[in-house]
$ cat data_22.cif   # mmCIF, C-alpha atoms
data_start
#
loop_
_atom_site.label_atom_id
_atom_site.label_comp_id
_atom_site.auth_asym_id
_atom_site.auth_seq_id
_atom_site.Cartn_x
_atom_site.Cartn_y
_atom_site.Cartn_z
CA MET X 839 -80.02 -106.02 185.16
CA LYS X 840 -79.38 -104.94 181.57
CA ARG X 841 -79.40 -108.56 180.45
CA LEU X 842 -82.73 -109.14 182.16
CA LEU X 843 -84.22 -106.07 180.50
CA PHE X 844 -82.94 -107.26 177.15
CA LEU X 845 -84.51 -110.68 177.70
CA LEU X 846 -87.78 -109.04 178.76
CA PHE X 847 -88.11 -107.22 175.44
CA LEU X 848 -86.72 -110.07 173.37
CA LEU X 849 -89.15 -112.80 174.43
CA PRO X 850 -92.32 -111.42 172.75
CA SER X 851 -90.50 -111.17 169.44
CA LEU X 852 -89.77 -114.90 169.45
CA ALA X 853 -93.45 -115.69 168.90
CA ARG X 854 -93.55 -113.63 165.73
CA GLY X 855 -90.97 -115.63 163.83
CA GLN X 856 -91.38 -117.81 160.79
CA TYR X 857 -92.44 -121.42 161.09
CA PHE X 858 -91.08 -124.67 159.77
CA PHE X 859 -92.76 -125.51 156.46
CA GLN X 860 -92.39 -128.55 154.24
CA TYR X 861 -92.91 -126.88 150.85
CA LYS X 862 -92.48 -123.64 148.99
CA ALA X 863 -93.57 -122.29 145.59
CA ASP X 864 -93.13 -119.16 143.49
CA ILE X 865 -95.96 -116.70 142.91
CA GLN X 866 -96.28 -115.40 139.37
CA ARG X 867 -94.84 -111.91 139.02
CA VAL X 868 -97.30 -109.06 138.51
CA ASP X 869 -97.19 -106.18 136.01
CA SER X 870 -98.74 -103.59 138.32
CA THR X 871 -99.11 -102.97 142.04
CA GLY X 872 -102.48 -103.94 143.51
CA PHE X 873 -104.61 -106.69 145.00
CA TYR X 874 -104.59 -110.11 143.34
CA ASN X 875 -106.35 -113.45 143.65
CA ILE X 876 -103.58 -116.02 144.11
CA PHE X 877 -104.98 -119.36 142.95
CA LEU X 878 -103.91 -122.37 145.01
CA PRO X 879 -104.01 -125.53 142.87
CA PRO X 880 -104.81 -128.94 144.39
CA ASP X 881 -101.08 -129.72 144.46
CA VAL X 882 -100.87 -127.04 147.16
CA THR X 883 -104.17 -127.46 149.02
CA SER X 884 -103.64 -131.22 149.37
CA LYS X 885 -100.66 -130.45 151.61
CA LEU X 886 -102.51 -128.00 153.88
CA ASN X 887 -104.30 -128.70 157.14
CA TYR X 888 -108.11 -128.75 157.36
CA LYS X 889 -108.30 -125.04 158.20
CA PHE X 890 -105.93 -124.11 155.34
CA SER X 891 -104.04 -122.05 157.92
CA ASP X 892 -100.51 -123.40 157.37
CA ILE X 893 -99.55 -121.13 154.50
CA ARG X 894 -97.65 -117.83 154.42
CA ILE X 895 -96.62 -115.33 151.75
CA TYR X 896 -93.11 -113.80 151.85
CA ASP X 897 -91.22 -111.36 149.68
CA ILE X 898 -87.65 -112.09 148.62
CA ARG X 899 -86.29 -110.50 151.82
CA GLY X 900 -88.37 -112.78 154.01
CA LYS X 901 -90.94 -110.14 155.00
CA GLU X 902 -94.36 -111.67 155.64
CA VAL X 903 -97.15 -110.36 153.39
CA PRO X 904 -100.70 -110.27 154.86
CA TYR X 905 -103.50 -112.01 152.99
CA ILE X 906 -107.18 -112.93 153.23
CA ARG X 907 -108.58 -116.28 152.15
CA ASP X 908 -111.15 -115.73 149.41
CA THR X 909 -113.90 -117.86 150.90
CA GLU X 910 -117.67 -117.66 150.89
CA GLU X 911 -117.48 -116.43 154.47
CA ASN X 912 -115.96 -113.15 153.25
CA ARG X 913 -119.17 -112.28 151.43
CA PHE X 914 -121.07 -112.41 154.69
CA LYS X 915 -118.88 -109.74 156.28
CA THR X 916 -120.23 -107.12 153.89
CA ALA X 917 -123.82 -108.38 153.69
CA LYS X 918 -127.01 -107.27 155.41
CA ARG X 919 -127.63 -109.13 158.66
CA ASP X 920 -131.06 -109.68 160.25
CA LYS X 921 -131.51 -110.70 163.86
CA LEU X 922 -133.62 -113.80 164.50
CA ARG X 923 -135.87 -114.40 167.48
CA ILE X 924 -134.71 -117.08 169.91
CA ILE X 925 -137.61 -118.66 171.82
CA GLN X 926 -135.60 -121.38 173.55
CA ASN X 927 -131.99 -121.30 174.69
CA GLU X 928 -131.19 -124.01 177.20
CA HIS X 929 -128.13 -126.03 178.16
CA LYS X 930 -128.83 -129.67 179.02
CA THR X 931 -126.07 -130.52 181.46
CA ALA X 932 -126.89 -134.21 181.72
CA LYS X 933 -127.22 -134.64 177.95
CA LYS X 934 -124.16 -132.45 177.25
CA TYR X 935 -125.69 -130.17 174.63
CA THR X 936 -127.29 -126.76 174.20
CA VAL X 937 -130.61 -126.53 172.36
CA VAL X 938 -131.69 -123.30 170.65
CA MET X 939 -135.09 -122.77 169.02
CA ILE X 940 -135.57 -120.00 166.45
CA HIS X 941 -138.99 -118.64 165.48
CA ASN X 942 -139.46 -117.36 161.94
CA PRO X 943 -143.14 -116.24 161.98
CA ASP X 944 -142.89 -114.30 158.71
CA HIS X 945 -141.52 -117.35 156.88
CA LYS X 946 -138.50 -115.46 155.59
CA THR X 947 -136.44 -117.49 153.17
CA PHE X 948 -132.77 -117.97 154.02
CA SER X 949 -129.96 -120.49 153.61
CA ASN X 950 -127.62 -119.62 156.44
CA LEU X 951 -127.55 -119.11 160.19
CA ALA X 952 -125.03 -117.16 162.25
CA PHE X 953 -124.66 -117.41 166.01
CA ILE X 954 -122.80 -115.15 168.39
CA ILE X 955 -121.36 -117.46 171.02
CA LYS X 956 -119.09 -117.11 173.99
CA ASN X 957 -115.58 -117.72 172.74
CA THR X 958 -114.43 -121.28 173.20
CA ASP X 959 -111.69 -123.57 171.88
CA ALA X 960 -114.01 -126.57 171.85
CA GLN X 961 -114.94 -128.21 168.56
CA ILE X 962 -118.56 -127.50 167.72
CA TRP X 963 -120.84 -130.27 166.47
CA VAL X 964 -124.32 -129.27 165.33
CA ASN X 965 -127.69 -130.84 164.55
CA ILE X 966 -130.24 -128.66 162.74
CA SER X 967 -133.86 -129.51 162.02
CA ALA X 968 -136.82 -127.43 160.85
CA SER X 969 -140.60 -127.57 161.14
CA ASN X 970 -143.75 -125.59 160.44
CA ASP X 971 -145.88 -127.14 163.20
CA LEU X 972 -143.39 -128.26 165.91
CA LYS X 973 -144.42 -131.87 165.17
CA ASP X 974 -142.95 -132.97 161.85
CA TRP X 975 -139.25 -132.10 161.74
CA GLN X 976 -137.03 -132.10 158.65
CA ILE X 977 -133.36 -132.84 159.38
CA LEU X 978 -131.10 -130.29 157.69
CA LYS X 979 -127.79 -131.14 159.40
CA ASN X 980 -126.94 -134.25 161.36
CA ASN X 981 -123.98 -134.11 163.74
CA VAL X 982 -121.80 -131.91 161.52
CA ARG X 983 -118.67 -130.18 162.77
CA TYR X 984 -118.29 -126.42 162.26
CA GLN X 985 -115.43 -124.06 162.98
CA LYS X 986 -116.08 -120.73 164.65
CA GLU X 987 -114.42 -117.64 163.23
CA PHE X 988 -111.20 -116.61 164.90
CA SER X 989 -111.72 -114.01 167.62
CA ASP X 990 -109.52 -112.67 170.39
CA SER X 991 -112.51 -111.17 172.23
CA ALA X 992 -115.00 -112.71 174.65
CA THR X 993 -117.38 -113.65 171.81
CA ALA X 994 -117.05 -115.27 168.41
CA GLN X 995 -119.29 -115.93 165.42
CA LEU X 996 -120.26 -119.39 164.25
CA LEU X 997 -121.49 -119.28 160.64
CA ILE X 998 -123.47 -122.08 159.00
CA ASN X 999 -123.80 -121.08 155.37
CA ASP X 1000 -124.62 -124.33 153.60
CA LEU X 1001 -128.24 -124.88 154.58
CA PRO X 1002 -130.83 -125.70 151.91
CA GLU X 1003 -132.75 -122.54 151.08
CA ALA X 1004 -136.09 -122.70 152.92
CA ASN X 1005 -138.65 -120.68 154.90
CA TYR X 1006 -139.64 -122.90 157.82
CA GLU X 1007 -141.33 -121.27 160.79
CA TYR X 1008 -139.20 -123.06 163.39
CA TYR X 1009 -135.55 -124.07 163.44
CA ARG X 1010 -134.11 -126.23 166.19
CA ILE X 1011 -130.34 -126.22 166.61
CA ILE X 1012 -128.48 -128.54 168.98
CA PHE X 1013 -124.87 -127.71 169.88
CA PHE X 1014 -123.00 -130.68 171.34
CA ASP X 1015 -120.16 -130.03 173.80
CA TYR X 1016 -119.15 -133.68 174.38
CA ASN X 1017 -117.92 -133.15 177.95
CA ARG X 1018 -116.08 -130.00 176.99
CA GLU X 1019 -116.96 -126.37 177.69
CA PRO X 1020 -120.70 -125.74 177.10
CA ILE X 1021 -121.63 -123.76 173.98
CA VAL X 1022 -123.28 -120.53 175.14
CA VAL X 1023 -125.40 -118.88 172.42
CA LEU X 1024 -126.02 -115.14 172.80
CA ASN X 1025 -127.73 -114.13 169.54
CA ALA X 1026 -128.82 -115.58 166.19
CA TYR X 1027 -128.82 -113.92 162.76
CA THR X 1028 -129.22 -114.65 159.09
CA TYR X 1029 -127.30 -112.94 156.28
CA TYR X 1030 -128.68 -111.83 152.94
CA VAL X 1031 -125.94 -112.07 150.34
CA GLU X 1032 -125.79 -112.07 146.59
CA LYS X 1033 -125.40 -115.54 145.19
CA ARG X 1034 -122.12 -116.45 143.55
CA HIS X 1035 -121.46 -119.29 141.19
CA ARG X 1036 -119.36 -121.97 142.80
CA GLU X 1037 -116.11 -122.50 140.92
CA TYR X 1038 -114.55 -125.94 140.98
CA VAL X 1039 -111.14 -127.13 139.92
CA GLU X 1040 -110.40 -130.76 139.08
CA VAL X 1041 -108.06 -132.63 141.37
CA PRO X 1042 -105.52 -135.07 139.86
CA HIS X 1043 -107.43 -137.87 138.16
CA PRO X 1044 -108.07 -140.75 140.60
CA ARG X 1045 -107.78 -144.42 139.68
CA PHE X 1046 -110.75 -146.67 140.33
CA PHE X 1047 -111.25 -150.42 140.63
CA GLN X 1048 -114.65 -152.08 140.24
CA ASP X 1049 -115.62 -155.26 142.13
CA ASP X 1050 -118.96 -156.95 141.32
CA THR X 1051 -118.41 -160.26 143.10
CA THR X 1052 -117.30 -159.77 146.72
CA GLU X 1053 -120.76 -158.84 148.05
CA PRO X 1054 -123.97 -160.33 146.62
CA GLN X 1055 -126.01 -157.94 144.46
CA LYS X 1056 -123.57 -155.10 145.14
CA THR X 1057 -120.88 -153.28 143.21
CA ILE X 1058 -117.93 -151.89 145.17
CA VAL X 1059 -115.79 -149.27 143.49
CA LYS X 1060 -112.52 -148.33 145.14
CA ILE X 1061 -111.40 -144.78 144.28
CA VAL X 1062 -107.72 -144.01 144.86
CA PHE X 1063 -105.88 -140.66 144.66
CA ASN X 1064 -102.10 -140.39 144.35
CA GLU X 1065 -102.11 -138.42 147.60
CA PRO X 1066 -104.84 -137.30 150.04
CA GLN X 1067 -107.08 -134.64 148.51
CA TYR X 1068 -109.80 -132.27 149.69
CA VAL X 1069 -112.86 -133.26 147.66
CA ASP X 1070 -116.01 -131.14 147.26
CA LYS X 1071 -117.61 -132.88 144.27
CA ILE X 1072 -117.43 -136.25 142.54
CA VAL X 1073 -118.87 -136.98 139.07
CA PHE X 1074 -119.60 -140.58 138.03
CA LYS X 1075 -119.77 -141.47 134.32
CA ILE X 1076 -121.60 -144.76 133.66
CA LYS X 1077 -121.64 -146.42 130.23
CA SER X 1078 -124.20 -149.18 130.82
CA PRO X 1079 -126.96 -150.22 131.19
CA GLU X 1080 -129.06 -147.67 129.31
CA TYR X 1081 -131.57 -147.18 132.12
CA TYR X 1082 -130.82 -147.43 135.84
CA LEU X 1083 -131.79 -146.06 139.23
CA ARG X 1084 -129.55 -147.43 141.99
CA LYS X 1085 -129.14 -146.58 145.63
CA ALA X 1086 -125.50 -145.91 146.49
CA GLU X 1087 -123.32 -145.02 149.44
CA LEU X 1088 -119.91 -143.36 149.58
CA THR X 1089 -117.67 -144.44 152.44
CA THR X 1090 -114.10 -144.38 153.61
CA ARG X 1091 -112.14 -146.57 155.99
CA ASP X 1092 -110.62 -145.75 159.36
CA THR X 1093 -106.91 -146.37 158.84
CA SER X 1094 -106.40 -147.45 162.46
CA THR X 1095 -109.33 -149.87 162.83
CA GLY X 1096 -110.32 -150.63 159.24
CA LYS X 1097 -113.96 -149.85 160.08
CA LYS X 1098 -116.20 -148.31 157.45
CA ILE X 1099 -117.07 -144.63 157.92
CA ARG X 1100 -120.21 -143.31 156.26
CA LEU X 1101 -119.86 -139.89 154.70
CA GLN X 1102 -122.47 -137.17 154.85
CA TYR X 1103 -123.23 -135.28 151.70
CA TYR X 1104 -123.98 -131.69 150.84
CA PHE X 1105 -127.70 -131.90 150.05
CA HIS X 1106 -129.61 -132.28 153.34
CA ASN X 1107 -126.71 -134.37 154.60
CA GLN X 1108 -128.34 -137.58 153.49
CA LYS X 1109 -126.16 -140.64 154.00
CA ASP X 1110 -127.34 -142.31 150.79
CA PHE X 1111 -127.80 -141.01 147.27
CA TYR X 1112 -128.97 -142.38 143.93
CA LEU X 1113 -127.23 -142.96 140.62
CA CYS X 1114 -129.72 -142.35 137.82
CA SER X 1115 -129.51 -142.52 134.03
CA ASP X 1116 -131.54 -139.29 133.82
CA SER X 1117 -129.18 -137.23 136.03
CA SER X 1118 -125.64 -135.91 135.88
CA ASN X 1119 -124.60 -138.20 138.76
CA GLU X 1120 -122.81 -135.43 140.62
CA LEU X 1121 -122.30 -135.87 144.35
CA LEU X 1122 -121.50 -132.80 146.46
CA LEU X 1123 -119.33 -133.13 149.55
CA SER X 1124 -117.88 -130.53 151.89
CA ARG X 1125 -114.06 -130.52 151.78
CA TYR X 1126 -113.71 -134.20 152.54
CA TYR X 1127 -110.08 -135.23 152.95
CA ALA X 1128 -109.20 -138.72 151.80
CA LYS X 1129 -106.79 -140.78 149.71
CA GLU X 1130 -109.19 -143.69 149.25
CA LEU X 1131 -112.98 -143.74 148.92
CA TYR X 1132 -115.38 -146.63 148.44
CA LEU X 1133 -118.59 -146.45 146.44
CA VAL X 1134 -121.10 -149.20 147.28
CA VAL X 1135 -123.97 -149.61 144.79
CA ASP X 1136 -127.03 -151.74 145.52
CA ASN X 1137 -127.86 -153.56 142.26
CA ASN X 1138 -130.79 -155.62 143.60
CA ASN X 1139 -131.57 -158.10 140.76
CA ASN X 1140 -130.16 -155.92 138.01
CA GLU X 1141 -126.92 -156.28 136.11
CA PRO X 1142 -124.02 -154.32 137.64
CA LEU X 1143 -123.36 -150.77 136.53
CA GLN X 1144 -120.31 -150.34 134.33
CA PHE X 1145 -118.31 -147.26 135.33
CA GLU X 1146 -116.51 -145.50 132.51
CA ASP X 1147 -114.90 -142.64 134.44
CA ILE X 1148 -114.82 -140.97 137.86
CA ARG X 1149 -113.61 -137.42 138.37
CA ALA X 1150 -113.20 -135.39 141.55
CA TYR X 1151 -113.24 -131.64 142.11
CA GLN X 1152 -112.63 -129.14 144.88
CA LEU X 1153 -113.85 -125.59 145.30
CA LYS X 1154 -111.40 -123.11 143.85
CA GLU X 1155 -109.19 -121.66 146.58
CA HIS X 1156 -107.61 -118.17 146.46
CA LEU X 1157 -105.55 -115.93 148.68
CA ILE X 1158 -106.16 -112.18 148.36
CA ALA X 1159 -102.97 -110.14 148.80
CA LYS X 1160 -101.49 -106.84 147.70
CA LEU X 1161 -98.41 -107.40 145.57
CA GLU X 1162 -95.96 -104.87 144.19
CA ARG X 1163 -94.81 -104.66 140.61
CA GLY X 1164 -91.38 -106.12 139.97
CA LYS X 1165 -91.10 -107.87 143.33
CA ARG X 1166 -90.67 -111.60 143.71
CA TYR X 1167 -92.93 -113.42 146.16
CA ILE X 1168 -93.10 -116.99 147.38
CA ILE X 1169 -95.46 -119.06 149.50
CA LYS X 1170 -94.37 -121.53 152.15
CA PHE X 1171 -96.81 -124.16 153.35
CA GLY X 1172 -97.29 -127.58 154.89
CA ASN X 1173 -97.24 -127.81 158.68
CA LYS X 1174 -100.36 -129.26 160.29
CA ASN X 1175 -99.71 -127.51 163.62
CA VAL X 1176 -99.32 -123.94 162.37
CA PRO X 1177 -102.18 -121.70 163.61
CA ALA X 1178 -104.12 -119.34 161.39
CA PRO X 1179 -102.33 -116.01 160.83
CA ILE X 1180 -103.81 -112.84 162.34
CA TYR X 1181 -103.62 -109.88 159.96
CA ASP X 1182 -105.20 -106.42 160.18
CA LEU X 1183 -106.15 -106.73 156.52
CA LYS X 1184 -109.31 -108.70 157.33
CA TYR X 1185 -110.82 -105.59 158.96
CA PHE X 1186 -110.56 -103.65 155.69
CA ILE X 1187 -112.12 -106.15 153.30
CA ASN X 1188 -114.64 -103.50 152.23
CA LYS X 1189 -111.80 -101.44 150.76
CA ILE X 1190 -110.40 -104.24 148.61
CA PRO X 1191 -111.54 -104.07 144.95
CA ARG X 1192 -114.04 -106.78 144.06
CA ASN X 1193 -112.61 -107.35 140.59
CA ARG X 1194 -109.09 -108.65 141.03
CA PRO X 1195 -106.74 -110.27 138.49
CA GLU X 1196 -105.99 -113.93 139.07
CA ILE X 1197 -102.48 -115.31 139.22
CA THR X 1198 -101.22 -118.70 140.30
CA VAL X 1199 -98.23 -120.37 141.91
CA GLU X 1200 -95.58 -122.45 140.18
CA ASN X 1201 -92.42 -124.45 140.82
CA ILE X 1202 -93.62 -126.30 143.92
CA VAL X 1203 -90.58 -127.63 145.80
CA LYS X 1204 -90.33 -129.90 148.83
CA LEU X 1205 -87.86 -128.46 151.31
CA SER X 1206 -85.19 -131.01 152.16
CA ASN X 1207 -84.36 -129.24 155.42
CA PRO X 1208 -87.31 -127.05 156.47
CA GLN X 1209 -85.55 -125.89 159.65
CA LYS X 1210 -83.00 -123.94 157.60
CA GLU X 1211 -85.85 -122.07 155.91
CA ALA X 1212 -87.13 -120.75 159.26
CA ARG X 1213 -85.41 -117.78 160.81
CA HIS X 1214 -86.89 -118.04 164.26
CA VAL X 1215 -88.25 -120.67 166.57
CA TYR X 1216 -91.94 -120.46 167.39
CA ILE X 1217 -92.72 -120.47 171.11
CA LYS X 1218 -96.23 -120.89 172.45
CA PRO X 1219 -97.55 -117.70 174.12
CA ILE X 1220 -98.15 -119.45 177.45
CA TYR X 1221 -94.43 -120.17 177.77
CA LEU X 1222 -93.61 -116.56 176.98
CA TRP X 1223 -95.92 -115.32 179.71
CA VAL X 1224 -94.40 -117.70 182.23
CA ALA X 1225 -90.92 -116.51 181.27
CA LEU X 1226 -91.98 -112.86 181.51
CA ILE X 1227 -93.46 -113.39 184.97
CA ILE X 1228 -90.28 -115.09 186.15
CA VAL X 1229 -88.16 -112.25 184.78
CA LEU X 1230 -90.38 -109.65 186.47
CA ILE X 1231 -90.16 -111.48 189.81
CA ILE X 1232 -86.37 -111.61 189.54
CA MET X 1233 -86.25 -107.90 188.70
CA ILE X 1234 -88.44 -107.06 191.70
CA ILE X 1235 -86.25 -109.15 194.04
CA ILE X 1236 -83.09 -107.51 192.71
CA SER X 1237 -84.63 -104.04 193.01
CA VAL X 1238 -85.70 -104.69 196.62
CA ARG X 1239 -82.22 -105.94 197.52
CA VAL X 1240 -80.54 -102.95 195.90
CA PHE X 1241 -82.92 -100.56 197.66
CA THR X 1242 -82.40 -102.30 201.03
CA LYS X 1243 -78.62 -102.30 200.61
CA HIS X 1244 -78.69 -98.61 199.69
CA LYS X 1245 -80.70 -97.75 202.84
CA THR X 1246 -78.38 -99.85 204.96
CA ASP X 1247 -75.34 -98.03 203.55
CA GLU X 1248 -76.96 -94.67 204.34
CA LEU X 1249 -77.61 -95.67 207.95
CA THR X 1250 -74.05 -96.87 208.46
#

$ encode --input "data_22.cif" --output "structure tokens"
Amino acid sequence: MKRLLFLLFLLPSLARGQYFFQYKADIQRVDSTGFYNIFLPPDVTSKLNYKFSDIRIYDIRGKEVPYIRDTEENRFKTAKRDKLRIIQNEHKTAKKYTVVMIHNPDHKTFSNLAFIIKNTDAQIWVNISASNDLKDWQILKNNVRYQKEFSDSATAQLLINDLPEANYEYYRIIFFDYNREPIVVLNAYTYYVEKRHREYVEVPHPRFFQDDTTEPQKTIVKIVFNEPQYVDKIVFKIKSPEYYLRKAELTTRDTSTGKKIRLQYYFHNQKDFYLCSDSSNELLLSRYYAKELYLVVDNNNNEPLQFEDIRAYQLKEHLIAKLERGKRYIIKFGNKNVPAPIYDLKYFINKIPRNRPEITVENIVKLSNPQKEARHVYIKPIYLWVALIIVLIIMIIISVRVFTKHKTDELT
């Protein structure tokens, strides 16, 4: 019985252990205790999963230190929120999507939408279009995937914060479920936040190879990084001719089939863009992860463009954490299956100073045997619950038998 009780209390603790990580790095030591922005260079972010969830901070004794990712989403948590009027909210079972229509009669200008939805684990793909007369519709987003905020309650928030700033009277949003659980929308809002300059950091310089002969009247430029990178902006430097205006397309290749995949870009999610001698030739993406990219330029009857340089950038990524003076801290990262951590700190973001010193990480090391760096084995919660139920059933059976035996002994 004592062993069963011990097992009963031990099992939940197994899920709180450290995970297996592939890399670790030192955090610069701090001169005073307080909150800091810990800058994650591309050498770190390139090894993270898409959600940037597979990273942890530890002190020298192995104690986990809570943190908050310094993302644009954090600004929305402290901003004014206005409720929007939903005039249509309908799930199309046969077509496998939910359509929501928002009416903005006052033509308020905004660049984001937030939806309170019933919590779901399904991936959420969204189409957004806008109109002033319900006839001519402008496509703002075309089949783009979004990630809901983590929530352990019955509802969750889905935030779309990269819309072009506009004041249309009607917005039509289509949520695709693709044969999964339907997306149930409960409310719609928009946030009013102060604008912040986007900070970019350059990723390691890619190599590029120009081909002007394989396809008639086209230039194909292959862009290669040393390792896969998250890319948010690409800048093309062209040395000749003096004047040009060329339609271009940025693509990647499916590694399993070799098929071309067309990327969607930041501005209005157009699939094509233009290289122009009168512009900076900057192309904005949204955390696109790739090792190789292909730029296809339509030259028509003109001479091919001559590319002088191509540089790539990603949005600057920080972790916000409270560090103590004199203590040594490290980060461990690199495990695509590690879920996002759940810290109480996120509920107190209003109490964290806005002006925080920036530090960085250094001495990135690949762990030769990651298992030795982990102190505990992670067990999925569902297995823990099954084990707990089994233990409880065994305890009940044993208790009934002991009670029955005791009564039998009394009668005899």

$ residues_around --input "data_22.cif" --residues "Ile1158 (chain X)" --least-positions-apart "6" --cutoff "6 Å" --atoms "all atoms listed in the file" --output "list in words"
Tyr874, Asn875, Tyr905 and Ile906 of chain X

$ atom_distance --input "data_22.cif" --atom1 "CA of Lys1170 (chain X)" --atom2 "CA of Phe877 (chain X)"
14.2 Å

$ residues_around --input "data_22.cif" --residues "region 1026-1029 of chain X" --least-positions-apart "2" --cutoff "7 Å" --atoms "only C-alpha atoms" --output "PyMOL selection string"
chain X and resi 914+917-922+950-954+1031

$ closest_residue --input "data_22.cif" --among "X:Asn1175, X:Ser1237, X:Asn1064, X:Gln985" --to "Pro1044 (chain X)" --atoms "only C-alpha atoms"
X:Asn1064

$ residues_around --input "data_22.cif" --residues "Asp974 (chain X)" --least-positions-apart "2" --cutoff "12 Å" --atoms "all atoms listed in the file" --output "PyMOL selection string"
chain X and resi 967-972+976-977+1006-1010

$ residues_near_point --input "data_22.cif" --point "(-96.1, -115.8, 150.1)" --cutoff "10 Å" --atoms "all atoms listed in the file" --output "list in words"
Lys862, Ala863, Asp864, Ile865, Ile876, Ile893, Arg894, Ile895, Tyr896, Asp897, Ile898, Gly900, Lys901, Glu902, Val903, Pro904, Tyr905, Leu1157, Ala1159, Leu1161, Arg1166, Tyr1167, Ile1168, Ile1169, Lys1170, Phe1171 and Val1199 of chain X

$ residues_around --input "data_22.cif" --residues "Tyr861 (chain X)" --least-positions-apart "4" --cutoff "10 Å" --atoms "all atoms listed in the file" --output "list in words"
Val882, Lys885, Ile893, Ile1169, Lys1170, Phe1171, Gly1172, Asn1173, Ile1202, Val1203, Lys1204, Leu1205, Ser1206, Asn1207, Pro1208 and Glu1211 of chain X

$ residues_around --input "data_22.cif" --residues "Lys1056 (chain X)" --least-positions-apart "6" --cutoff "10 Å" --atoms "only C-alpha atoms" --output "PyMOL selection string"
chain X and resi 1049-1050+1086+1134-1143

$ atom_distance --input "data_22.cif" --atom1 "CA of Asp944 (chain X)" --atom2 "CA of Val1023 (chain X)"
22.7 Å

$ closest_residue --input "data_22.cif" --among "X:Thr883, X:Asn957, X:Gln866, X:Ser991" --to "Glu1155 (chain X)" --atoms "all atoms listed in the file"
X:Thr883

$ atom_distance --input "data_22.cif" --atom1 "CA of Asp908 (chain X)" --atom2 "CA of Arg983 (chain X)"
21.1 Å

$ closest_residue --input "data_22.cif" --among "X:Leu1113, X:Ile925, X:Val1176, X:Ile1061" --to "Asp1147 (chain X)" --atoms "all atoms listed in the file"
X:Ile1061

$ closest_residue --input "data_22.cif" --among "X:Ala1128, X:Ile1231, X:Leu1083, X:Ile1012" --to "Val1069 (chain X)" --atoms "all atoms listed in the file"
X:Ala1128

$ closest_residue --input "data_22.cif" --among "X:Tyr1112, X:Ile966, X:Pro943, X:Thr1052" --to "Val982 (chain X)" --atoms "all atoms listed in the file"
X:Ile966

$ resolve_selection --input "data_22.cif" --expression "the PyMOL selection byres ((chain X and resi 1162) around 9)" --output "list in words"
Arg867, Val868, Asp869, Ser870, Thr871, Gly872, Phe873, Lys1160, Leu1161, Arg1163, Gly1164, Lys1165 and Arg1166 of chain X

$ axis_aligned_box --input "data_22.cif" --around "region 1160-1166 of chain X" --padding-each-side "8 Å" --output "AutoDock Vina command-line options"
--center_x -96.1 --center_y -108.1 --center_z 143.8 --size_x 26.8 --size_y 22.9 --size_z 23.7

$ resolve_selection --input "data_22.cif" --expression "the PyMOL selection byres ((chain X and resi 934) around 8)" --output "list in words"
His929, Lys930, Thr931, Ala932, Lys933, Tyr935, Thr936, Phe1014, Asp1015, Tyr1016, Asn1017 and Pro1020 of chain X

$ closest_residue --input "data_22.cif" --among "X:Ser1078, X:Glu1120, X:Phe858, X:Pro1179" --to "Phe890 (chain X)" --atoms "all atoms listed in the file"
X:Pro1179

$ resolve_selection --input "data_22.cif" --expression "the PyMOL selection byres ((chain X and resi 1072-1077) around 6)" --output "list in words"
Lys1071, Ser1078, Asn1119, Glu1120, Leu1121, Gln1144, Phe1145, Glu1146, Asp1147, Ile1148, Arg1149 and Ala1150 of chain X
